[in-house]
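Just data.tsv here, TSV, C-alpha atoms:
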```tsv
chain	number	residue	atom	x	y	z
A	235	MET	CA	-105.13	-51.02	-140.03
A	236	LEU	CA	-103.48	-48.30	-137.97
A	237	THR	CA	-106.53	-48.12	-135.74
A	238	ASP	CA	-106.33	-51.89	-135.19
A	239	LEU	CA	-102.67	-51.66	-134.27
A	240	TRP	CA	-103.29	-48.77	-131.90
A	241	ASN	CA	-106.18	-50.67	-130.26
A	242	LEU	CA	-104.00	-53.79	-129.91
A	243	PHE	CA	-101.28	-51.70	-128.31
A	244	ILE	CA	-103.65	-50.08	-125.82
A	245	ALA	CA	-105.45	-53.37	-125.03
A	246	PHE	CA	-102.26	-55.31	-124.23
A	247	LEU	CA	-100.62	-52.37	-122.51
A	248	ARG	CA	-103.56	-52.14	-120.11
A	249	ALA	CA	-104.01	-55.90	-119.62
A	250	SER	CA	-100.37	-56.71	-119.02
A	251	ASN	CA	-99.35	-53.70	-116.98
A	252	LEU	CA	-102.27	-53.91	-114.58
A	253	GLY	CA	-101.80	-57.68	-114.24
A	254	PHE	CA	-99.80	-58.10	-111.07
A	255	GLY	CA	-98.92	-61.69	-110.24
A	256	GLY	CA	-97.51	-62.87	-113.55
A	257	GLY	CA	-99.15	-64.46	-116.57
A	258	PRO	CA	-102.20	-66.19	-115.08
A	259	ALA	CA	-103.34	-62.91	-113.47
A	260	ILE	CA	-103.36	-61.32	-116.93
A	261	ILE	CA	-105.77	-63.80	-118.58
A	262	PRO	CA	-109.04	-62.25	-117.32
A	263	LEU	CA	-107.78	-58.77	-118.20
A	264	ILE	CA	-106.97	-59.81	-121.78
A	265	GLN	CA	-110.37	-61.43	-122.06
A	266	ALA	CA	-112.04	-58.18	-120.97
A	267	GLU	CA	-110.18	-56.31	-123.73
A	268	ALA	CA	-110.30	-58.83	-126.60
A	269	VAL	CA	-113.77	-60.29	-126.11
A	270	GLU	CA	-115.82	-57.65	-124.35
A	271	ARG	CA	-114.34	-54.31	-125.29
A	272	TYR	CA	-112.91	-54.67	-128.81
A	273	GLN	CA	-114.85	-57.84	-129.78
A	274	TRP	CA	-111.99	-59.29	-131.80
A	275	MET	CA	-113.16	-62.79	-130.89
A	276	THR	CA	-115.93	-64.74	-129.19
A	277	ASN	CA	-115.56	-66.28	-125.76
A	278	THR	CA	-115.16	-69.73	-127.37
A	279	GLU	CA	-112.33	-68.51	-129.61
A	280	PHE	CA	-110.68	-66.98	-126.58
A	281	THR	CA	-110.93	-70.31	-124.75
A	282	ASP	CA	-109.25	-71.98	-127.75
A	283	ALA	CA	-106.45	-69.42	-127.58
A	284	ILE	CA	-105.92	-70.24	-123.90
A	285	ALA	CA	-105.87	-73.97	-124.73
A	286	VAL	CA	-103.16	-73.44	-127.35
A	287	ALA	CA	-101.17	-71.23	-124.97
A	288	ASN	CA	-101.40	-73.76	-122.13
A	289	ALA	CA	-100.24	-76.65	-124.30
A	290	LEU	CA	-96.98	-74.79	-125.06
A	291	PRO	CA	-94.15	-73.79	-122.73
A	292	GLY	CA	-93.07	-70.24	-121.89
A	293	PRO	CA	-94.90	-67.22	-120.46
A	294	ILE	CA	-98.64	-67.28	-121.09
A	295	ALA	CA	-99.15	-63.56	-121.79
A	296	THR	CA	-96.81	-63.35	-124.79
A	297	LYS	CA	-98.37	-66.48	-126.32
A	298	ILE	CA	-101.89	-65.03	-126.09
A	299	ALA	CA	-100.60	-61.69	-127.40
A	300	SER	CA	-99.14	-63.51	-130.43
A	301	TYR	CA	-102.36	-65.40	-131.10
A	302	ILE	CA	-104.69	-62.40	-130.86
A	303	GLY	CA	-102.23	-59.99	-132.49
A	304	TYR	CA	-101.92	-62.24	-135.55
A	305	LYS	CA	-105.67	-62.76	-135.78
A	306	VAL	CA	-106.40	-59.02	-135.67
A	307	ALA	CA	-103.57	-57.53	-137.73
A	308	SER	CA	-101.17	-60.25	-138.95
A	309	TRP	CA	-97.43	-59.87	-138.21
A	310	PRO	CA	-97.51	-56.14	-137.36
A	311	GLY	CA	-100.24	-57.07	-134.89
A	312	VAL	CA	-98.03	-59.74	-133.27
A	313	ILE	CA	-95.16	-57.27	-132.85
A	314	VAL	CA	-97.34	-54.48	-131.45
A	315	ALA	CA	-99.19	-56.78	-129.02
A	316	ILE	CA	-95.97	-58.33	-127.67
A	317	ALA	CA	-94.20	-54.97	-127.40
A	318	ALA	CA	-97.12	-53.54	-125.43
A	319	THR	CA	-97.09	-56.58	-123.15
A	320	ILE	CA	-93.42	-56.61	-122.20
A	321	LEU	CA	-91.64	-53.34	-123.04
A	322	PRO	CA	-92.93	-50.86	-120.42
A	323	THR	CA	-92.02	-52.96	-117.37
A	324	ILE	CA	-88.69	-54.07	-118.84
A	325	ILE	CA	-87.66	-50.44	-119.32
A	326	ILE	CA	-88.68	-49.55	-115.76
A	327	LEU	CA	-86.86	-52.61	-114.42
A	328	ILE	CA	-83.63	-51.84	-116.27
A	329	ILE	CA	-83.67	-48.35	-114.73
A	330	LEU	CA	-84.41	-49.80	-111.25
A	331	GLY	CA	-81.74	-52.47	-111.77
A	332	ASN	CA	-79.16	-49.79	-112.59
A	333	LEU	CA	-80.05	-47.90	-109.42
A	334	LEU	CA	-79.68	-51.16	-107.50
A	335	VAL	CA	-76.15	-51.67	-108.83
A	336	LYS	CA	-75.22	-48.00	-108.35
A	337	TYR	CA	-76.23	-47.97	-104.70
A	338	SER	CA	-75.27	-51.59	-103.96
A	339	LYS	CA	-72.66	-50.41	-101.45
A	340	SER	CA	-75.14	-48.34	-99.46
A	341	GLU	CA	-75.98	-49.71	-96.01
A	342	GLY	CA	-79.61	-48.60	-96.32
A	343	LEU	CA	-80.18	-50.54	-99.55
A	344	LYS	CA	-78.37	-53.60	-98.17
A	345	ALA	CA	-80.69	-53.54	-95.15
A	346	MET	CA	-83.76	-53.24	-97.40
A	347	LEU	CA	-82.62	-56.21	-99.50
A	348	THR	CA	-81.96	-58.24	-96.35
A	349	GLY	CA	-85.56	-57.50	-95.42
A	350	VAL	CA	-87.01	-58.45	-98.79
A	351	ARG	CA	-85.15	-61.75	-99.32
A	352	PRO	CA	-87.16	-63.70	-96.70
A	353	ILE	CA	-90.35	-62.48	-98.40
A	354	ILE	CA	-89.16	-63.70	-101.81
A	355	THR	CA	-88.38	-67.07	-100.22
A	356	ALA	CA	-91.90	-67.19	-98.78
A	357	LEU	CA	-93.38	-66.21	-102.16
A	358	LEU	CA	-91.57	-69.08	-103.84
A	359	VAL	CA	-92.70	-71.49	-101.12
A	360	VAL	CA	-96.30	-70.48	-101.82
A	361	VAL	CA	-95.91	-70.90	-105.59
A	362	ALA	CA	-94.24	-74.31	-105.06
A	363	TYR	CA	-97.09	-75.29	-102.73
A	364	GLU	CA	-99.76	-74.26	-105.25
A	365	MET	CA	-97.99	-76.18	-108.03
A	366	ALA	CA	-97.69	-79.21	-105.73
A	367	VAL	CA	-101.43	-79.14	-104.96
A	368	GLU	CA	-102.12	-79.18	-108.68
A	369	ALA	CA	-99.47	-81.85	-109.37
A	370	PHE	CA	-100.45	-84.36	-106.67
A	371	GLN	CA	-104.19	-84.74	-107.21
A	372	ILE	CA	-104.52	-88.34	-106.12
A	373	ASN	CA	-107.79	-89.93	-107.21
A	374	GLU	CA	-106.73	-93.42	-108.16
A	375	PHE	CA	-103.74	-95.71	-107.64
A	376	ILE	CA	-101.88	-94.66	-110.79
A	377	ASP	CA	-101.79	-91.06	-109.52
A	378	PHE	CA	-99.23	-92.12	-106.89
A	379	PHE	CA	-96.71	-92.14	-109.71
A	380	THR	CA	-96.75	-88.31	-109.56
A	381	VAL	CA	-95.10	-88.67	-106.14
A	382	VAL	CA	-92.60	-91.20	-107.54
A	383	ILE	CA	-91.70	-88.76	-110.33
A	384	ALA	CA	-91.25	-85.96	-107.79
A	385	ILE	CA	-88.94	-88.09	-105.62
A	386	GLY	CA	-86.97	-89.14	-108.70
A	387	ALA	CA	-86.58	-85.49	-109.74
A	388	ALA	CA	-85.45	-84.45	-106.24
A	389	ALA	CA	-82.90	-87.30	-106.21
A	390	GLY	CA	-81.66	-86.27	-109.68
A	391	LEU	CA	-81.17	-82.68	-108.47
A	392	TYR	CA	-79.30	-83.55	-105.28
A	393	PHE	CA	-77.24	-86.59	-106.19
A	394	TRP	CA	-76.42	-86.03	-109.84
A	395	LYS	CA	-76.89	-82.24	-110.11
A	396	ALA	CA	-79.02	-82.95	-113.17
A	397	HIS	CA	-79.91	-79.99	-115.42
A	398	PRO	CA	-83.59	-79.07	-114.86
A	399	VAL	CA	-84.30	-79.23	-118.60
A	400	LEU	CA	-83.22	-82.89	-118.64
A	401	LEU	CA	-85.59	-83.64	-115.73
A	402	ILE	CA	-88.45	-81.91	-117.54
A	403	VAL	CA	-87.94	-83.88	-120.74
A	404	LEU	CA	-87.61	-87.18	-118.83
A	405	SER	CA	-90.75	-86.47	-116.79
A	406	MET	CA	-92.77	-85.82	-119.94
A	407	VAL	CA	-91.65	-89.15	-121.37
A	408	ALA	CA	-92.47	-90.83	-118.05
A	409	GLY	CA	-95.88	-89.10	-117.98
A	410	TYR	CA	-96.61	-90.28	-121.51
A	411	LEU	CA	-95.69	-93.88	-120.66
A	412	ILE	CA	-97.40	-94.06	-117.26
A	413	PHE	CA	-100.60	-92.04	-117.60
B	170	MET	CA	-70.85	-62.35	-129.73
B	171	LYS	CA	-70.29	-65.51	-127.71
B	172	THR	CA	-72.01	-63.90	-124.71
B	173	LEU	CA	-75.00	-62.85	-126.81
B	174	TRP	CA	-75.35	-66.40	-128.10
B	175	ASP	CA	-75.09	-67.74	-124.53
B	176	LEU	CA	-77.80	-65.29	-123.40
B	177	PHE	CA	-80.07	-66.39	-126.22
B	178	ILE	CA	-79.53	-70.09	-125.49
B	179	ALA	CA	-79.91	-69.65	-121.72
B	180	PHE	CA	-83.27	-67.86	-121.96
B	181	PHE	CA	-84.42	-70.00	-124.88
B	182	ARG	CA	-83.91	-73.12	-122.78
B	183	ALA	CA	-85.31	-71.63	-119.57
B	184	SER	CA	-88.49	-70.35	-121.20
B	185	ASN	CA	-89.21	-73.09	-123.70
B	186	PHE	CA	-88.89	-75.94	-121.24
B	187	SER	CA	-91.03	-74.32	-118.56
B	188	PHE	CA	-94.59	-75.60	-118.42
B	189	GLY	CA	-97.02	-73.80	-116.14
B	190	GLY	CA	-96.45	-70.17	-117.06
B	191	GLY	CA	-93.95	-67.63	-115.80
B	192	PRO	CA	-93.27	-68.87	-112.24
B	193	ALA	CA	-92.31	-72.32	-113.58
B	194	ALA	CA	-89.48	-70.60	-115.50
B	195	ILE	CA	-87.89	-69.10	-112.35
B	196	PRO	CA	-85.89	-72.23	-111.29
B	197	LEU	CA	-84.77	-72.75	-114.89
B	198	VAL	CA	-83.56	-69.15	-115.25
B	199	GLN	CA	-81.73	-69.57	-111.94
B	200	ALA	CA	-80.08	-72.79	-113.17
B	201	GLU	CA	-78.82	-70.99	-116.29
B	202	VAL	CA	-77.70	-67.59	-114.98
B	203	VAL	CA	-76.42	-68.63	-111.53
B	204	ASN	CA	-75.28	-72.24	-111.83
B	205	LYS	CA	-74.31	-72.66	-115.46
B	206	TYR	CA	-73.10	-69.29	-116.81
B	207	LYS	CA	-72.38	-67.65	-113.42
B	208	TRP	CA	-73.55	-64.21	-114.57
B	209	LEU	CA	-75.08	-63.58	-111.14
B	210	THR	CA	-74.73	-64.84	-107.57
B	211	ASN	CA	-77.73	-66.37	-105.81
B	212	GLU	CA	-78.19	-63.12	-103.82
B	213	GLU	CA	-78.15	-60.94	-106.95
B	214	PHE	CA	-80.66	-63.26	-108.60
B	215	SER	CA	-82.88	-63.08	-105.54
B	216	ASP	CA	-82.72	-59.25	-105.52
B	217	ILE	CA	-83.62	-59.06	-109.21
B	218	LEU	CA	-86.47	-61.48	-108.57
B	219	ALA	CA	-87.66	-59.21	-105.75
B	220	ILE	CA	-87.87	-56.05	-107.85
B	221	SER	CA	-89.33	-58.01	-110.80
B	222	ASN	CA	-92.04	-59.45	-108.60
B	223	SER	CA	-93.10	-56.02	-107.41
B	224	LEU	CA	-93.94	-54.91	-110.97
B	225	PRO	CA	-96.68	-56.21	-113.29
B	226	ALA	CA	-96.33	-58.19	-116.59
B	227	PRO	CA	-94.90	-61.69	-117.24
B	228	ILE	CA	-92.01	-62.66	-114.97
B	229	ALA	CA	-89.91	-64.53	-117.57
B	230	THR	CA	-89.57	-61.57	-119.95
B	231	LYS	CA	-88.84	-59.22	-117.05
B	232	LEU	CA	-86.00	-61.45	-115.82
B	233	ALA	CA	-84.68	-61.79	-119.38
B	234	GLY	CA	-84.72	-58.00	-119.86
B	235	VAL	CA	-82.94	-57.14	-116.62
B	236	ILE	CA	-80.39	-59.97	-116.66
B	237	GLY	CA	-79.70	-59.56	-120.39
B	238	TYR	CA	-79.08	-55.84	-119.81
B	239	ARG	CA	-76.77	-56.58	-116.85
B	240	VAL	CA	-74.70	-59.01	-118.89
B	241	LYS	CA	-74.49	-57.24	-122.26
B	242	GLY	CA	-76.41	-53.93	-122.32
B	243	LEU	CA	-79.43	-53.21	-124.52
B	244	LEU	CA	-78.36	-55.78	-127.10
B	245	GLY	CA	-78.15	-58.42	-124.38
B	246	ALA	CA	-81.63	-57.51	-123.12
B	247	THR	CA	-83.06	-57.73	-126.65
B	248	VAL	CA	-81.48	-61.09	-127.39
B	249	ALA	CA	-82.56	-62.61	-124.05
B	250	VAL	CA	-86.17	-61.37	-124.42
B	251	ILE	CA	-86.36	-62.69	-127.99
B	252	GLY	CA	-85.11	-66.06	-126.74
B	253	VAL	CA	-88.03	-66.13	-124.29
B	254	PHE	CA	-90.95	-65.40	-126.59
B	255	LEU	CA	-90.00	-65.91	-130.25
B	256	PRO	CA	-90.14	-69.72	-130.48
B	257	THR	CA	-93.60	-70.01	-128.90
B	258	THR	CA	-94.83	-66.98	-130.88
B	259	LEU	CA	-93.89	-68.68	-134.15
B	260	ILE	CA	-95.50	-71.94	-133.04
B	261	VAL	CA	-98.71	-70.16	-131.94
B	262	VAL	CA	-99.01	-68.28	-135.24
B	263	PHE	CA	-98.14	-71.13	-137.60
B	264	LEU	CA	-99.50	-74.12	-135.71
B	265	GLY	CA	-102.22	-72.56	-133.53
B	266	GLY	CA	-105.01	-74.18	-135.57
B	267	ILE	CA	-103.42	-77.61	-135.37
B	268	ILE	CA	-102.65	-77.39	-131.67
B	269	ILE	CA	-106.30	-76.67	-130.81
B	270	ASN	CA	-107.10	-80.20	-132.03
B	271	TYR	CA	-104.46	-81.70	-129.77
B	272	ALA	CA	-104.82	-79.49	-126.70
B	273	ASP	CA	-107.18	-81.97	-125.06
B	274	SER	CA	-105.46	-85.11	-126.36
B	275	PRO	CA	-104.78	-87.80	-123.70
B	276	ALA	CA	-101.11	-88.03	-124.74
B	277	LEU	CA	-100.45	-84.31	-124.15
B	278	GLN	CA	-102.42	-84.36	-120.91
B	279	ALA	CA	-100.36	-87.38	-119.77
B	280	MET	CA	-97.10	-85.56	-120.52
B	281	LEU	CA	-98.26	-82.45	-118.66
B	282	LYS	CA	-99.28	-84.64	-115.72
B	283	GLY	CA	-95.79	-86.12	-115.68
B	284	VAL	CA	-94.10	-82.72	-115.79
B	285	ARG	CA	-96.09	-80.98	-113.02
B	286	PRO	CA	-94.44	-82.83	-110.08
B	287	VAL	CA	-91.03	-81.87	-111.49
B	288	VAL	CA	-92.07	-78.21	-111.72
B	289	ALA	CA	-93.14	-78.32	-108.07
B	290	VAL	CA	-89.82	-79.94	-107.04
B	291	LEU	CA	-87.81	-77.37	-109.03
B	292	LEU	CA	-89.66	-74.48	-107.39
B	293	ALA	CA	-89.14	-76.01	-103.96
B	294	GLN	CA	-85.43	-76.39	-104.71
B	295	THR	CA	-85.22	-72.68	-105.72
B	296	ALA	CA	-87.05	-71.70	-102.54
B	297	ILE	CA	-84.58	-73.77	-100.46
B	298	SER	CA	-81.48	-72.34	-102.11
B	299	MET	CA	-82.84	-68.80	-101.60
B	300	GLY	CA	-83.84	-69.62	-98.05
B	301	ILE	CA	-80.32	-70.75	-97.15
B	302	LYS	CA	-79.02	-67.28	-98.09
B	303	ALA	CA	-81.99	-65.26	-96.85
B	304	LEU	CA	-82.80	-66.86	-93.49
B	305	LYS	CA	-79.61	-66.32	-91.53
B	306	ASP	CA	-81.08	-64.98	-88.28
B	307	LYS	CA	-84.28	-64.90	-86.22
B	308	PRO	CA	-85.70	-61.59	-87.56
B	309	ALA	CA	-85.38	-62.94	-91.12
B	310	TRP	CA	-87.18	-66.16	-90.13
B	311	CYS	CA	-89.94	-64.10	-88.50
B	312	LEU	CA	-90.40	-62.00	-91.64
B	313	ALA	CA	-90.59	-65.12	-93.81
B	314	ILE	CA	-93.11	-66.88	-91.55
B	315	ILE	CA	-95.32	-63.79	-91.23
B	316	ALA	CA	-95.26	-63.33	-95.02
B	317	LEU	CA	-96.10	-67.01	-95.51
B	318	ILE	CA	-99.09	-66.79	-93.15
B	319	ILE	CA	-100.36	-63.63	-94.84
B	320	MET	CA	-100.07	-65.14	-98.31
B	321	LEU	CA	-101.74	-68.43	-97.38
B	322	PHE	CA	-104.62	-67.01	-95.35
B	323	PHE	CA	-105.13	-63.60	-96.97
B	324	PRO	CA	-104.51	-64.31	-100.69
B	325	SER	CA	-106.04	-60.96	-101.65
B	326	VAL	CA	-103.02	-59.13	-100.17
B	327	HIS	CA	-100.87	-58.19	-103.13
B	328	PRO	CA	-97.26	-59.55	-103.15
B	329	ALA	CA	-95.97	-56.12	-104.27
B	330	PHE	CA	-97.37	-54.71	-101.02
B	331	LEU	CA	-95.41	-57.31	-98.99
B	332	VAL	CA	-92.25	-56.57	-100.96
B	333	VAL	CA	-92.46	-52.83	-100.26
B	334	ILE	CA	-93.34	-53.27	-96.57
B	335	SER	CA	-90.51	-55.78	-96.08
B	336	MET	CA	-88.01	-53.34	-97.60
B	337	LEU	CA	-89.12	-50.64	-95.16
B	338	LEU	CA	-88.93	-53.09	-92.24
B	339	GLY	CA	-85.52	-54.27	-93.44
B	340	TYR	CA	-84.31	-50.68	-93.48
B	341	PHE	CA	-85.17	-50.26	-89.80
B	342	LEU	CA	-84.35	-53.79	-88.59
B	343	PHE	CA	-81.06	-54.53	-90.33
B	344	LYS	CA	-79.40	-51.14	-90.95
B	345	LYS	CA	-76.10	-50.97	-89.12
```

So, in terms of structure tokens, how does the structure I just supplied come out?
Amino acid sequence: MLTDLWNLFIAFLRASNLGFGGGPAIIPLIQAEAVERYQWMTNTEFTDAIAVANALPGPIATKIASYIGYKVASWPGVIVAIAATILPTIIILIILGNLLVKYSKSEGLKAMLTGVRPIITALLVVVAYEMAVEAFQINEFIDFFTVVIAIGAAAGLYFWKAHPVLLIVLSMVAGYLIF
Amino acid sequence: MKTLWDLFIAFFRASNFSFGGGPAAIPLVQAEVVNKYKWLTNEEFSDILAISNSLPAPIATKLAGVIGYRVKGLLGATVAVIGVFLPTTLIVVFLGGIIINYADSPALQAMLKGVRPVVAVLLAQTAISMGIKALKDKPAWCLAIIALIIMLFFPSVHPAFLVVISMLLGYFLFKK
């Protein structure tokens, strides 16, 4: 039991903290640990875990950690796998965040942040572009409704300042009815 | 107590209505912490996003940890992070077996198809609101365009590398 928990901790620590680029970048690393190294599951079972994770909202890595953690070592497994996934970087970030606040008056730091903000904008543009490519795959006439939904959502944001959660719920209903 | 509850609700909503993994949660977190609860300004949010992006691990839990800590210390960080992962963790553990049967169902696929355009629009909207603050002069525009070209044509270049380089450049370009 303790060995299982330790292995879970190490596996998710490695997978998550070497996975730069958010959740999706972590998937192959988790597979390497869970399927190939520790052989907790077959490739097919791992694919099922991904399917479950993708059908639900929220970050992908903690969902897979829950699934595999529970399978290997029940609730203690879930806790250990999630802690290994998220704790190390959160602790580092809180320390970095404190430094950021402490030196927020410094001209040097202000200049560095002025330099980094355009890059964050560009990063978001790229993510938005990638999501758009996936969202607007137009193969037949009915797929044009994805564009209609997008225009509706943009109008909702600008004219009525709609809460994003409302738009998401409405678009799922629309998707269900149209597609 | 009220603030802790607000933190929980804010990150619960942001995470559990975001389809498409961590990045899809960014506009929702922004809507909660900047627009609704006003814990941070747009610039502060953008700075936190910058340092979060330069470290590994899921983006939603990182944002929850840092912003929760900013608002209400360690307790705030804990509550916000729990709001992000607990609901889906419970669903995965208790309903994982059932969901497998429905993961490929046409109804779920139709709903996800409906939600993807909205996710793209929300991300674009976040990019625009950040751009308005970030792109105030020509050097900033140049940095953004160069970064965009690098990311689109050389996807193997790691974003953390761009973040670090841009901070160094910023130090020399913008320091008064």

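Of the listed residues A:Leu333, A:Ala389, A:Val306, A:Ile383, the one whose atoms come nearest to chain B is A:Ile383, with distances taken using only C-alpha atoms.
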
Could you give me, as JSON, numbers by chain, the residues that sit within 9 Å of (-106.7, -61.0, -120.2) in the file's coordinates, counting only C-alpha atoms?
-> {"A": [246, 249, 250, 253, 258, 259, 260, 261, 262, 263, 264, 265, 266, 267, 268, 295, 298]}

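Minimum distance to Leu290 of chain A across B:Met320, B:Leu176, B:Ala272, B:Ala289 (counting all atoms listed in the file) occurs at B:Ala272.
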
task = Write out as a ChimeraX atom specification the residues lying within 10 Å of Ser298 of chain B, counting all atoms listed in the file and excluding same-chain residues fewer than 6 positions away.
result = /A:355 /B:211-212,215,292

Select all residues from chain B having any atom no more than 6 Å from an atom of chain A (counting only C-alpha atoms, ignoring ligands), output as a ChimeraX atom specification. /B:184-188,190-191,225-228,231,234-235,258,268-269,272,276,279-280,283-287,289,292-293,296,299-300,303,309,313,317,332,335-336,339-340,343-344

Correct to one decimal, the distance atom CA of Ala193 of chain B-atom CA of Pro310 of chain A is 29.2 Å

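Among the candidate residues B:Ala329, B:Ala200, B:Leu338, B:Leu321, the one lying nearest to Ser221 of chain B is B:Ala329, with distances computed using all atoms listed in the file.
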
For segment 390-403 of chain A, take all atoms listed in the file, fit an axis-aligned box around them, add 6 Å to each of the six sides, then output centre and edge lengths in Å rounded to one decimal, as lines of an AutoDock Vina configuration file.
```
center_x = -82.4
center_y = -82.8
center_z = -113.0
size_x = 24.0
size_y = 19.5
size_z = 27.5
```
